[in-house]
file upload-v3.cif (mmCIF, C-alpha atoms)
data_upload
#
loop_
_atom_site.label_atom_id
_atom_site.label_comp_id
_atom_site.auth_asym_id
_atom_site.auth_seq_id
_atom_site.Cartn_x
_atom_site.Cartn_y
_atom_site.Cartn_z
CA MET F 1 66.67 137.24 113.10
CA LYS F 2 68.52 138.42 110.00
CA ARG F 3 69.38 136.02 107.19
CA ASN F 4 73.11 135.29 106.80
CA SER F 5 74.69 136.18 103.47
CA ALA F 6 77.57 135.02 101.30
CA VAL F 7 79.53 136.50 98.41
CA VAL F 8 80.79 134.25 95.60
CA ILE F 9 83.10 135.97 93.09
CA GLY F 10 83.75 134.04 89.90
CA VAL F 11 80.43 132.41 89.00
CA GLY F 12 79.99 131.15 85.47
CA ALA F 13 77.89 128.31 84.12
CA GLU F 14 75.39 126.55 86.36
CA LEU F 15 77.41 123.36 85.95
CA GLY F 16 80.53 124.87 87.45
CA LEU F 17 82.10 125.30 90.86
CA GLY F 18 80.85 128.87 91.32
CA GLY F 19 77.28 127.83 90.65
CA ALA F 20 77.57 124.83 92.97
CA LEU F 21 78.91 127.03 95.78
CA CYS F 22 76.00 129.45 95.39
CA ARG F 23 73.46 126.65 95.49
CA LYS F 24 75.10 125.07 98.54
CA PHE F 25 75.15 128.28 100.55
CA ALA F 26 71.59 129.16 99.55
CA ALA F 27 70.39 125.68 100.51
CA ASN F 28 71.72 126.38 104.00
CA GLY F 29 69.68 129.54 104.35
CA TYR F 30 72.15 132.15 103.11
CA HIS F 31 71.31 135.04 100.83
CA VAL F 32 73.93 134.73 98.07
CA TYR F 33 75.52 137.49 95.99
CA VAL F 34 76.21 135.68 92.72
CA ALA F 35 79.04 137.61 91.07
CA GLY F 36 80.62 137.03 87.67
CA ARG F 37 81.10 138.38 84.18
CA THR F 38 78.09 137.08 82.23
CA GLN F 39 74.64 138.29 83.24
CA ALA F 40 72.76 135.43 81.56
CA LYS F 41 74.79 132.81 83.42
CA LEU F 42 74.36 134.63 86.73
CA ASP F 43 70.61 134.87 86.18
CA ALA F 44 70.41 131.14 85.47
CA VAL F 45 72.09 130.38 88.80
CA THR F 46 69.88 132.79 90.76
CA LYS F 47 66.74 131.40 89.08
CA THR F 48 67.65 127.85 90.10
CA ILE F 49 68.18 129.02 93.67
CA ALA F 50 64.86 130.90 93.70
CA ASP F 51 63.04 127.89 92.22
CA ARG F 52 64.37 125.84 95.15
CA GLY F 53 63.13 128.35 97.69
CA GLY F 54 66.47 130.10 98.25
CA SER F 55 67.53 133.73 98.16
CA ALA F 56 70.11 135.18 95.76
CA GLU F 57 70.87 138.14 93.56
CA SER F 58 73.15 138.42 90.57
CA PHE F 59 75.92 140.97 90.33
CA ALA F 60 77.62 141.40 86.94
CA MET F 61 81.24 142.41 87.45
CA ASP F 62 84.87 141.77 86.58
CA GLY F 63 86.54 139.75 89.33
CA THR F 64 89.88 141.39 88.57
CA SER F 65 88.61 144.99 88.69
CA GLU F 66 89.24 146.95 91.88
CA ALA F 67 86.28 149.25 91.23
CA ASP F 68 83.92 146.35 90.58
CA ILE F 69 85.00 144.41 93.66
CA VAL F 70 84.66 147.47 95.89
CA ARG F 71 81.22 148.12 94.42
CA LEU F 72 80.20 144.52 95.13
CA PHE F 73 81.24 144.72 98.77
CA ASP F 74 79.62 148.12 99.18
CA SER F 75 76.37 146.59 97.98
CA ALA F 76 76.68 143.48 100.15
CA MET F 77 77.42 145.53 103.26
CA SER F 78 74.33 147.68 102.63
CA PRO F 79 71.72 145.08 101.63
CA SER F 80 68.50 146.15 99.95
CA GLU F 81 66.48 144.33 102.62
CA ASP F 82 66.73 144.86 106.37
CA SER F 83 66.30 141.11 106.87
CA ILE F 84 69.70 140.36 105.27
CA ASP F 85 72.85 140.57 107.37
CA ALA F 86 76.34 141.56 106.23
CA PRO F 87 78.27 138.68 104.63
CA SER F 88 79.89 136.11 106.84
CA LEU F 89 81.27 134.01 103.96
CA VAL F 90 83.28 135.17 100.93
CA VAL F 91 84.70 132.96 98.18
CA TYR F 92 87.15 134.13 95.52
CA ASN F 93 86.72 131.60 92.71
CA VAL F 94 88.11 133.54 89.75
CA GLY F 95 90.54 131.81 87.40
CA ASN F 96 91.13 130.17 84.08
CA ASN F 97 93.68 127.78 82.69
CA ARG F 98 95.13 126.84 79.35
CA ARG F 99 98.40 125.42 78.16
CA ILE F 100 100.84 127.95 76.63
CA PRO F 101 104.37 126.78 75.82
CA PHE F 102 106.90 128.89 77.70
CA LEU F 103 108.56 130.27 74.56
CA ASP F 104 105.17 131.29 73.18
CA LEU F 105 104.07 133.03 76.39
CA ASN F 106 104.11 136.83 76.27
CA ALA F 107 104.04 139.39 79.04
CA GLU F 108 100.46 140.41 78.34
CA GLN F 109 99.25 136.83 78.76
CA LEU F 110 101.20 136.45 81.98
CA GLN F 111 99.72 139.68 83.32
CA GLU F 112 96.22 138.45 82.42
CA PHE F 113 96.71 135.35 84.57
CA LEU F 114 98.22 137.34 87.41
CA ARG F 115 95.22 139.68 87.40
CA SER F 116 92.86 136.73 87.90
CA GLY F 117 95.12 135.22 90.56
CA PRO F 118 97.01 137.24 93.18
CA VAL F 119 95.85 140.67 92.01
CA GLY F 120 92.13 139.97 92.03
CA GLY F 121 92.50 137.76 95.09
CA PHE F 122 94.32 140.53 96.93
CA ILE F 123 91.59 143.07 96.15
CA ALA F 124 88.80 140.72 97.19
CA GLY F 125 90.69 139.65 100.31
CA ARG F 126 91.47 143.24 101.27
CA GLU F 127 87.85 144.31 100.92
CA ALA F 128 86.66 141.28 102.90
CA ALA F 129 89.17 142.03 105.66
CA ARG F 130 88.20 145.71 105.72
CA ARG F 131 84.51 144.89 106.09
CA LEU F 132 84.51 141.67 108.14
CA GLY F 133 87.66 142.19 110.21
CA PRO F 134 86.08 144.84 112.46
CA LEU F 135 83.14 142.49 113.01
CA GLY F 136 85.50 139.83 114.36
CA ARG F 137 83.97 137.03 112.35
CA GLY F 138 83.65 135.53 108.88
CA THR F 139 85.26 133.14 106.44
CA VAL F 140 87.21 133.94 103.28
CA ILE F 141 88.04 131.02 100.96
CA PHE F 142 90.27 131.13 97.89
CA THR F 143 90.02 128.54 95.13
CA GLY F 144 93.54 127.36 94.36
CA ALA F 145 95.14 124.61 92.34
CA SER F 146 97.95 122.08 92.56
CA ALA F 147 99.84 124.45 90.24
CA SER F 148 100.39 126.63 93.31
CA LEU F 149 102.68 123.88 94.62
CA ARG F 150 104.45 122.81 91.43
CA GLY F 151 104.93 124.29 87.99
CA LYS F 152 104.53 122.03 84.98
CA PRO F 153 105.74 122.47 81.39
CA GLY F 154 103.45 124.79 79.48
CA PHE F 155 101.80 126.17 82.61
CA ALA F 156 104.31 128.67 84.02
CA HIS F 157 101.72 131.46 83.81
CA PHE F 158 99.07 129.44 85.65
CA ALA F 159 101.53 128.24 88.30
CA ALA F 160 102.76 131.79 88.93
CA ALA F 161 99.20 133.06 89.33
CA LYS F 162 98.08 130.28 91.66
CA ALA F 163 101.27 130.38 93.73
CA GLY F 164 100.80 134.11 94.20
CA LEU F 165 97.18 133.61 95.24
CA ARG F 166 98.28 130.99 97.78
CA MET F 167 100.69 133.44 99.37
CA ILE F 168 97.99 136.10 99.56
CA ALA F 169 95.82 133.59 101.43
CA GLN F 170 98.63 132.61 103.81
CA SER F 171 99.52 136.19 104.62
CA MET F 172 95.89 137.08 105.24
CA ALA F 173 95.36 134.04 107.47
CA ARG F 174 98.33 134.94 109.66
CA GLU F 175 97.35 138.59 109.92
CA PHE F 176 93.59 138.35 110.35
CA GLY F 177 93.04 134.90 111.85
CA PRO F 178 93.87 136.13 115.37
CA HIS F 179 91.13 138.73 114.94
CA GLY F 180 88.44 136.17 114.13
CA LEU F 181 88.56 136.08 110.32
CA HIS F 182 88.99 132.53 109.03
CA VAL F 183 91.01 132.53 105.78
CA ALA F 184 91.39 129.26 103.86
CA HIS F 185 92.94 128.10 100.60
CA VAL F 186 91.64 125.07 98.71
CA VAL F 187 94.04 123.22 96.41
CA ILE F 188 92.03 121.67 93.57
CA ASP F 189 94.11 118.82 92.17
CA GLY F 190 92.45 117.31 89.12
CA GLY F 191 89.85 118.08 86.51
CA ILE F 192 86.52 119.52 87.62
CA ASP F 193 83.49 117.84 86.08
CA GLY F 194 81.86 121.04 84.90
CA GLU F 195 80.75 122.76 81.73
CA ARG F 196 84.21 124.18 80.97
CA LEU F 197 85.95 120.79 80.91
CA ARG F 198 83.02 119.03 79.25
CA SER F 199 83.08 121.59 76.44
CA ALA F 200 86.86 121.56 75.99
CA ARG F 201 87.36 117.81 76.43
CA PRO F 202 84.06 115.94 76.17
CA GLN F 203 85.91 112.64 76.36
CA ALA F 204 87.49 113.44 79.73
CA SER F 205 84.75 111.87 81.84
CA ALA F 206 84.89 108.59 79.91
CA GLU F 207 88.69 108.58 80.07
CA ARG F 208 88.79 109.10 83.84
CA GLY F 209 85.91 106.76 84.65
CA GLU F 210 83.49 106.97 87.55
CA ASN F 211 84.53 109.57 90.13
CA GLY F 212 87.68 110.31 88.14
CA LEU F 213 86.84 114.01 87.98
CA LEU F 214 86.00 116.31 90.87
CA ASN F 215 82.25 116.63 91.43
CA VAL F 216 81.28 120.30 91.85
CA ASP F 217 78.77 119.61 94.61
CA ALA F 218 81.33 117.55 96.53
CA ILE F 219 83.79 120.46 96.34
CA ALA F 220 81.08 122.86 97.50
CA GLU F 221 80.41 120.64 100.51
CA ALA F 222 84.09 120.89 101.50
CA TYR F 223 83.93 124.69 101.33
CA TRP F 224 80.82 124.69 103.50
CA GLN F 225 82.47 122.47 106.10
CA ILE F 226 85.43 124.86 106.27
CA HIS F 227 83.02 127.67 107.01
CA LEU F 228 81.41 125.66 109.82
CA GLN F 229 84.67 124.85 111.60
CA HIS F 230 85.02 125.75 115.26
CA PRO F 231 87.68 128.44 115.83
CA SER F 232 89.65 126.08 118.05
CA ALA F 233 90.27 123.82 115.03
CA TRP F 234 90.49 125.88 111.87
CA THR F 235 91.84 124.60 108.57
CA HIS F 236 93.93 126.97 106.51
CA GLU F 237 94.61 124.72 103.54
CA ILE F 238 93.12 121.51 102.21
CA ASP F 239 93.64 119.64 98.97
CA LEU F 240 90.83 117.96 97.05
CA ARG F 241 91.38 115.36 94.34
CA PRO F 242 89.64 112.33 92.84
CA PHE F 243 90.57 109.09 94.63
CA LYS F 244 92.42 107.83 91.56
CA GLU F 245 94.37 111.07 90.87
CA PRO F 246 98.16 110.57 91.23
CA PHE F 247 99.99 113.05 93.45
#

call {"tool": "encode", "arguments": {"input": "upload-v3.cif", "output": "structure tokens"}}
result
Amino acid sequence: MKRNSAVVIGVGAELGLGGALCRKFAANGYHVYVAGRTQAKLDAVTKTIADRGGSAESFAMDGTSEADIVRLFDSAMSPSEDSIDAPSLVVYNVGNNRRIPFLDLNAEQLQEFLRSGPVGGFIAGREAARRLGPLGRGTVIFTGASASLRGKPGFAHFAAAKAGLRMIAQSMAREFGPHGLHVAHVVIDGGIDGERLRSARPQASAERGENGLLNVDAIAEAYWQIHLQHPSAWTHEIDLRPFKEPF
């Protein structure tokens, strides 16, 4: 029997959501294509997986580049080993966030955020649908944010990008769900306890207290459960937040 495989686009530091997703899928027997910008970070994630007896390979690429995304899917659909099956799980986890006052925001910055949101998400979703749609199976999950539901001062660029990504996910779900492709969107509402936040705001964990930030492994578990859902009871959208996060 061939080993299942998964594609995770947008993997950075080991202590991040992308890394946690890769480890979760590998722990459940999947060969994981670990895709992101920085080779050293990708190699660290794949090494951890290998050390734990899992199977993974790194794929350095730009998650907003059409050529790179197509190349990634071409590789995943033609695995180097006969024992690895075509992907049945794809996650688009690309994104960044920073506060930029509206009057200081320029068009280039806005376009940068849109490329990592609906543009990159569209390309990844299209390639997943092209490859998995004819197979009549598979799961595609997009990492979203509460900004997709409400824009806040200083975050117009981020809200526009995440709202656009959410609509890509909805449109895909309605078009390809009836053909067996499960498309889901995860609204992350709150700070993620990962390397990015710890580096930018090292005091955040102490300020929020125990379980006041989203645990990356807990998020990864939610993604995995979406993938396991029976087709008679699919989730399209869920929101994840710490128990003490206001909403």

call {"tool": "residues_around", "arguments": {"input": "upload-v3.cif", "residues": "F:Gly212", "least_positions_apart": "2", "cutoff": "7 Å", "atoms": "all atoms listed in the file", "output": "list in words"}}
result
Arg208, Gly209, Glu210, Leu214, Pro242 and Lys244 of chain F

call {"tool": "write_last_selection", "arguments": {"input": "upload-v3.cif", "atoms": "C-alpha atoms", "output": "PDB file, in the coordinates of the input"}}
result
ATOM      1  CA  ARG F 208      88.790 109.100  83.840  1.00  0.00           C
ATOM      2  CA  GLY F 209      85.910 106.760  84.650  1.00  0.00           C
ATOM      3  CA  GLU F 210      83.490 106.970  87.550  1.00  0.00           C
ATOM      4  CA  LEU F 214      86.000 116.310  90.870  1.00  0.00           C
ATOM      5  CA  PRO F 242      89.640 112.330  92.840  1.00  0.00           C
ATOM      6  CA  LYS F 244      92.420 107.830  91.560  1.00  0.00           C
TER       7      LYS F 244
END

call {"tool": "resolve_selection", "arguments": {"input": "upload-v3.cif", "expression": "the PyMOL selection byres ((chain F and resi 120) around 9)", "output": "MDAnalysis selection string"}}
result
chainID F and resid 63:66 69 92 94 114:119 121:125 165

call {"tool": "write_last_selection", "arguments": {"input": "upload-v3.cif", "atoms": "C-alpha atoms", "output": "CSV table (one decimal), in the coordinates of the input"}}
result
chain,number,residue,atom,x,y,z
F,63,GLY,CA,86.5,139.8,89.3
F,64,THR,CA,89.9,141.4,88.6
F,65,SER,CA,88.6,145.0,88.7
F,66,GLU,CA,89.2,147.0,91.9
F,69,ILE,CA,85.0,144.4,93.7
F,92,TYR,CA,87.2,134.1,95.5
F,94,VAL,CA,88.1,133.5,89.8
F,114,LEU,CA,98.2,137.3,87.4
F,115,ARG,CA,95.2,139.7,87.4
F,116,SER,CA,92.9,136.7,87.9
F,117,GLY,CA,95.1,135.2,90.6
F,118,PRO,CA,97.0,137.2,93.2
F,119,VAL,CA,95.8,140.7,92.0
F,121,GLY,CA,92.5,137.8,95.1
F,122,PHE,CA,94.3,140.5,96.9
F,123,ILE,CA,91.6,143.1,96.2
F,124,ALA,CA,88.8,140.7,97.2
F,125,GLY,CA,90.7,139.6,100.3
F,165,LEU,CA,97.2,133.6,95.2

call {"tool": "closest_residue", "arguments": {"input": "upload-v3.cif", "among": "F:Leu17, F:Ala147, F:His157, F:Ala233", "to": "F:Leu105", "atoms": "all atoms listed in the file"}}
result
F:His157

call {"tool": "resolve_selection", "arguments": {"input": "upload-v3.cif", "expression": "the PyMOL selection byres ((chain F and resi 3-7) around 8)", "output": "PyMOL selection string"}}
result
chain F and resi 1-2+8-9+25+29-35+76+83-91

call {"tool": "resolve_selection", "arguments": {"input": "upload-v3.cif", "expression": "the PyMOL selection byres ((chain F and resi 46) around 8)", "output": "list in words"}}
result
Val34, Leu42, Asp43, Ala44, Val45, Lys47, Thr48, Ile49, Ala50, Ser55, Ala56, Glu57 and Ser58 of chain F

call {"tool": "residues_around", "arguments": {"input": "upload-v3.cif", "residues": "F:Ile100", "least_positions_apart": "5", "cutoff": "10 Å", "atoms": "only C-alpha atoms", "output": "list in words"}}
result
Leu105, Asn106, Gln109, Pro153, Gly154, Phe155, Ala156, His157 and Phe158 of chain F

call {"tool": "closest_residue", "arguments": {"input": "upload-v3.cif", "among": "F:Val186, F:Leu181, F:Val216, F:Val11", "to": "F:Arg130", "atoms": "only C-alpha atoms"}}
result
F:Leu181

call {"tool": "residues_around", "arguments": {"input": "upload-v3.cif", "residues": "F:Ala145", "least_positions_apart": "2", "cutoff": "10 Å", "atoms": "all atoms listed in the file", "output": "PyMOL selection string"}}
result
chain F and resi 95+142-143+147-150+158-159+161-163+165-166+185-190+239-240

call {"tool": "atom_distance", "arguments": {"input": "upload-v3.cif", "atom1": "atom CA of F:Pro101", "atom2": "atom CA of F:Thr38"}}
result
28.9 Å

call {"tool": "atom_distance", "arguments": {"input": "upload-v3.cif", "atom1": "atom CA of F:Phe102", "atom2": "atom CA of F:Leu213"}}
result
27.0 Å

call {"tool": "closest_residue", "arguments": {"input": "upload-v3.cif", "among": "F:Leu110, F:Leu135, F:Ala26, F:Leu228", "to": "F:Ala160", "atoms": "all atoms listed in the file"}}
result
F:Leu110

call {"tool": "closest_residue", "arguments": {"input": "upload-v3.cif", "among": "F:Gly191, F:Asp74, F:Tyr223, F:Pro178", "to": "F:Gly18", "atoms": "only C-alpha atoms"}}
result
F:Tyr223

call {"tool": "residues_around", "arguments": {"input": "upload-v3.cif", "residues": "F:Ala27", "least_positions_apart": "3", "cutoff": "7 Å", "atoms": "all atoms listed in the file", "output": "JSON, numbers by chain"}}
result
{"F": [23, 24, 54]}

call {"tool": "atom_distance", "arguments": {"input": "upload-v3.cif", "atom1": "atom CA of F:Arg131", "atom2": "atom CA of F:Asn28"}}
result
22.6 Å

call {"tool": "closest_residue", "arguments": {"input": "upload-v3.cif", "among": "F:Gly10, F:Pro134, F:Pro246, F:Gly36", "to": "F:Ser146", "atoms": "all atoms listed in the file"}}
result
F:Pro246

call {"tool": "axis_aligned_box", "arguments": {"input": "upload-v3.cif", "around": "stretch 62-73 of chain F", "padding_each_side": "6 Å", "output": "JSON"}}
result
{"center_x": 85.0, "center_y": 144.5, "center_z": 92.7, "size_x": 21.7, "size_y": 21.5, "size_z": 24.2}

call {"tool": "build_atoms", "arguments": {"input": "upload-v3.cif", "residues": "stretch 160-195 of chain F", "atoms": "N, CA and C atoms", "output": "PDB file, in the coordinates of the input"}}
result
ATOM      1  N   ALA F 160     102.392 130.511  88.301  1.00  0.00           N
ATOM      2  CA  ALA F 160     102.760 131.790  88.930  1.00  0.00           C
ATOM      3  C   ALA F 160     101.540 132.458  89.549  1.00  0.00           C
ATOM      4  N   ALA F 161     100.419 132.420  88.833  1.00  0.00           N
ATOM      5  CA  ALA F 161      99.200 133.060  89.330  1.00  0.00           C
ATOM      6  C   ALA F 161      98.676 132.345  90.571  1.00  0.00           C
ATOM      7  N   LYS F 162      98.635 131.030  90.534  1.00  0.00           N
ATOM      8  CA  LYS F 162      98.080 130.280  91.660  1.00  0.00           C
ATOM      9  C   LYS F 162      99.029 130.284  92.865  1.00  0.00           C
ATOM     10  N   ALA F 163     100.326 130.290  92.620  1.00  0.00           N
ATOM     11  CA  ALA F 163     101.270 130.380  93.730  1.00  0.00           C
ATOM     12  C   ALA F 163     101.150 131.732  94.421  1.00  0.00           C
ATOM     13  N   GLY F 164     100.976 132.782  93.632  1.00  0.00           N
ATOM     14  CA  GLY F 164     100.800 134.110  94.200  1.00  0.00           C
ATOM     15  C   GLY F 164      99.526 134.210  95.021  1.00  0.00           C
ATOM     16  N   LEU F 165      98.450 133.612  94.515  1.00  0.00           N
ATOM     17  CA  LEU F 165      97.180 133.610  95.240  1.00  0.00           C
ATOM     18  C   LEU F 165      97.328 132.868  96.572  1.00  0.00           C
ATOM     19  N   ARG F 166      98.059 131.767  96.552  1.00  0.00           N
ATOM     20  CA  ARG F 166      98.280 130.990  97.780  1.00  0.00           C
ATOM     21  C   ARG F 166      98.999 131.819  98.837  1.00  0.00           C
ATOM     22  N   MET F 167      99.965 132.615  98.415  1.00  0.00           N
ATOM     23  CA  MET F 167     100.690 133.440  99.370  1.00  0.00           C
ATOM     24  C   MET F 167      99.830 134.581  99.914  1.00  0.00           C
ATOM     25  N   ILE F 168      98.940 135.109  99.074  1.00  0.00           N
ATOM     26  CA  ILE F 168      97.990 136.100  99.560  1.00  0.00           C
ATOM     27  C   ILE F 168      97.149 135.488 100.676  1.00  0.00           C
ATOM     28  N   ALA F 169      96.650 134.270 100.443  1.00  0.00           N
ATOM     29  CA  ALA F 169      95.820 133.590 101.430  1.00  0.00           C
ATOM     30  C   ALA F 169      96.584 133.330 102.726  1.00  0.00           C
ATOM     31  N   GLN F 170      97.834 132.874 102.611  1.00  0.00           N
ATOM     32  CA  GLN F 170      98.630 132.610 103.810  1.00  0.00           C
ATOM     33  C   GLN F 170      98.875 133.877 104.612  1.00  0.00           C
ATOM     34  N   SER F 171      99.239 134.932 103.920  1.00  0.00           N
ATOM     35  CA  SER F 171      99.520 136.190 104.620  1.00  0.00           C
ATOM     36  C   SER F 171      98.273 136.717 105.311  1.00  0.00           C
ATOM     37  N   MET F 172      97.145 136.631 104.630  1.00  0.00           N
ATOM     38  CA  MET F 172      95.890 137.080 105.240  1.00  0.00           C
ATOM     39  C   MET F 172      95.553 136.250 106.472  1.00  0.00           C
ATOM     40  N   ALA F 173      95.716 134.927 106.361  1.00  0.00           N
ATOM     41  CA  ALA F 173      95.360 134.040 107.470  1.00  0.00           C
ATOM     42  C   ALA F 173      96.176 134.374 108.710  1.00  0.00           C
ATOM     43  N   ARG F 174      97.456 134.651 108.519  1.00  0.00           N
ATOM     44  CA  ARG F 174      98.330 134.940 109.660  1.00  0.00           C
ATOM     45  C   ARG F 174      98.028 136.312 110.271  1.00  0.00           C
ATOM     46  N   GLU F 175      97.611 137.242 109.425  1.00  0.00           N
ATOM     47  CA  GLU F 175      97.350 138.590 109.920  1.00  0.00           C
ATOM     48  C   GLU F 175      95.969 138.728 110.550  1.00  0.00           C
ATOM     49  N   PHE F 176      94.962 138.099 109.921  1.00  0.00           N
ATOM     50  CA  PHE F 176      93.590 138.350 110.350  1.00  0.00           C
ATOM     51  C   PHE F 176      92.962 137.200 111.133  1.00  0.00           C
ATOM     52  N   GLY F 177      93.565 136.006 111.070  1.00  0.00           N
ATOM     53  CA  GLY F 177      93.040 134.900 111.850  1.00  0.00           C
ATOM     54  C   GLY F 177      92.923 135.207 113.330  1.00  0.00           C
ATOM     55  N   PRO F 178      93.959 135.802 113.940  1.00  0.00           N
ATOM     56  CA  PRO F 178      93.870 136.130 115.370  1.00  0.00           C
ATOM     57  C   PRO F 178      92.767 137.114 115.721  1.00  0.00           C
ATOM     58  N   HIS F 179      92.210 137.763 114.695  1.00  0.00           N
ATOM     59  CA  HIS F 179      91.130 138.730 114.940  1.00  0.00           C
ATOM     60  C   HIS F 179      89.756 138.145 114.623  1.00  0.00           C
ATOM     61  N   GLY F 180      89.727 136.832 114.327  1.00  0.00           N
ATOM     62  CA  GLY F 180      88.440 136.170 114.130  1.00  0.00           C
ATOM     63  C   GLY F 180      88.040 135.926 112.697  1.00  0.00           C
ATOM     64  N   LEU F 181      88.883 136.307 111.728  1.00  0.00           N
ATOM     65  CA  LEU F 181      88.560 136.080 110.320  1.00  0.00           C
ATOM     66  C   LEU F 181      89.253 134.812 109.835  1.00  0.00           C
ATOM     67  N   HIS F 182      88.468 133.822 109.458  1.00  0.00           N
ATOM     68  CA  HIS F 182      88.990 132.530 109.030  1.00  0.00           C
ATOM     69  C   HIS F 182      89.318 132.589 107.532  1.00  0.00           C
ATOM     70  N   VAL F 183      90.585 132.478 107.181  1.00  0.00           N
ATOM     71  CA  VAL F 183      91.010 132.530 105.780  1.00  0.00           C
ATOM     72  C   VAL F 183      91.539 131.159 105.386  1.00  0.00           C
ATOM     73  N   ALA F 184      91.006 130.608 104.298  1.00  0.00           N
ATOM     74  CA  ALA F 184      91.390 129.260 103.860  1.00  0.00           C
ATOM     75  C   ALA F 184      91.695 129.250 102.374  1.00  0.00           C
ATOM     76  N   HIS F 185      92.536 128.294 101.989  1.00  0.00           N
ATOM     77  CA  HIS F 185      92.940 128.100 100.600  1.00  0.00           C
ATOM     78  C   HIS F 185      92.698 126.641 100.229  1.00  0.00           C
ATOM     79  N   VAL F 186      91.993 126.431  99.129  1.00  0.00           N
ATOM     80  CA  VAL F 186      91.640 125.070  98.710  1.00  0.00           C
ATOM     81  C   VAL F 186      92.422 124.722  97.449  1.00  0.00           C
ATOM     82  N   VAL F 187      93.256 123.689  97.551  1.00  0.00           N
ATOM     83  CA  VAL F 187      94.040 123.220  96.410  1.00  0.00           C
ATOM     84  C   VAL F 187      93.205 122.203  95.635  1.00  0.00           C
ATOM     85  N   ILE F 188      92.771 122.582  94.442  1.00  0.00           N
ATOM     86  CA  ILE F 188      92.030 121.670  93.570  1.00  0.00           C
ATOM     87  C   ILE F 188      93.045 120.925  92.709  1.00  0.00           C
ATOM     88  N   ASP F 189      93.112 119.627  92.877  1.00  0.00           N
ATOM     89  CA  ASP F 189      94.110 118.820  92.170  1.00  0.00           C
ATOM     90  C   ASP F 189      93.388 117.800  91.291  1.00  0.00           C
ATOM     91  N   GLY F 190      93.153 118.190  90.052  1.00  0.00           N
ATOM     92  CA  GLY F 190      92.450 117.310  89.120  1.00  0.00           C
ATOM     93  C   GLY F 190      91.434 118.095  88.318  1.00  0.00           C
ATOM     94  N   GLY F 191      90.847 117.436  87.341  1.00  0.00           N
ATOM     95  CA  GLY F 191      89.850 118.080  86.510  1.00  0.00           C
ATOM     96  C   GLY F 191      88.507 118.186  87.221  1.00  0.00           C
ATOM     97  N   ILE F 192      87.853 119.318  87.045  1.00  0.00           N
ATOM     98  CA  ILE F 192      86.520 119.520  87.620  1.00  0.00           C
ATOM     99  C   ILE F 192      85.475 119.136  86.581  1.00  0.00           C
ATOM    100  N   ASP F 193      84.536 118.312  86.997  1.00  0.00           N
ATOM    101  CA  ASP F 193      83.490 117.840  86.080  1.00  0.00           C
ATOM    102  C   ASP F 193      82.429 118.914  85.935  1.00  0.00           C
ATOM    103  N   GLY F 194      82.762 119.918  85.129  1.00  0.00           N
ATOM    104  CA  GLY F 194      81.860 121.040  84.900  1.00  0.00           C
ATOM    105  C   GLY F 194      81.754 121.362  83.424  1.00  0.00           C
ATOM    106  N   GLU F 195      81.010 122.409  83.131  1.00  0.00           N
ATOM    107  CA  GLU F 195      80.750 122.760  81.730  1.00  0.00           C
ATOM    108  C   GLU F 195      82.038 123.097  80.982  1.00  0.00           C
TER     109      GLU F 195
END
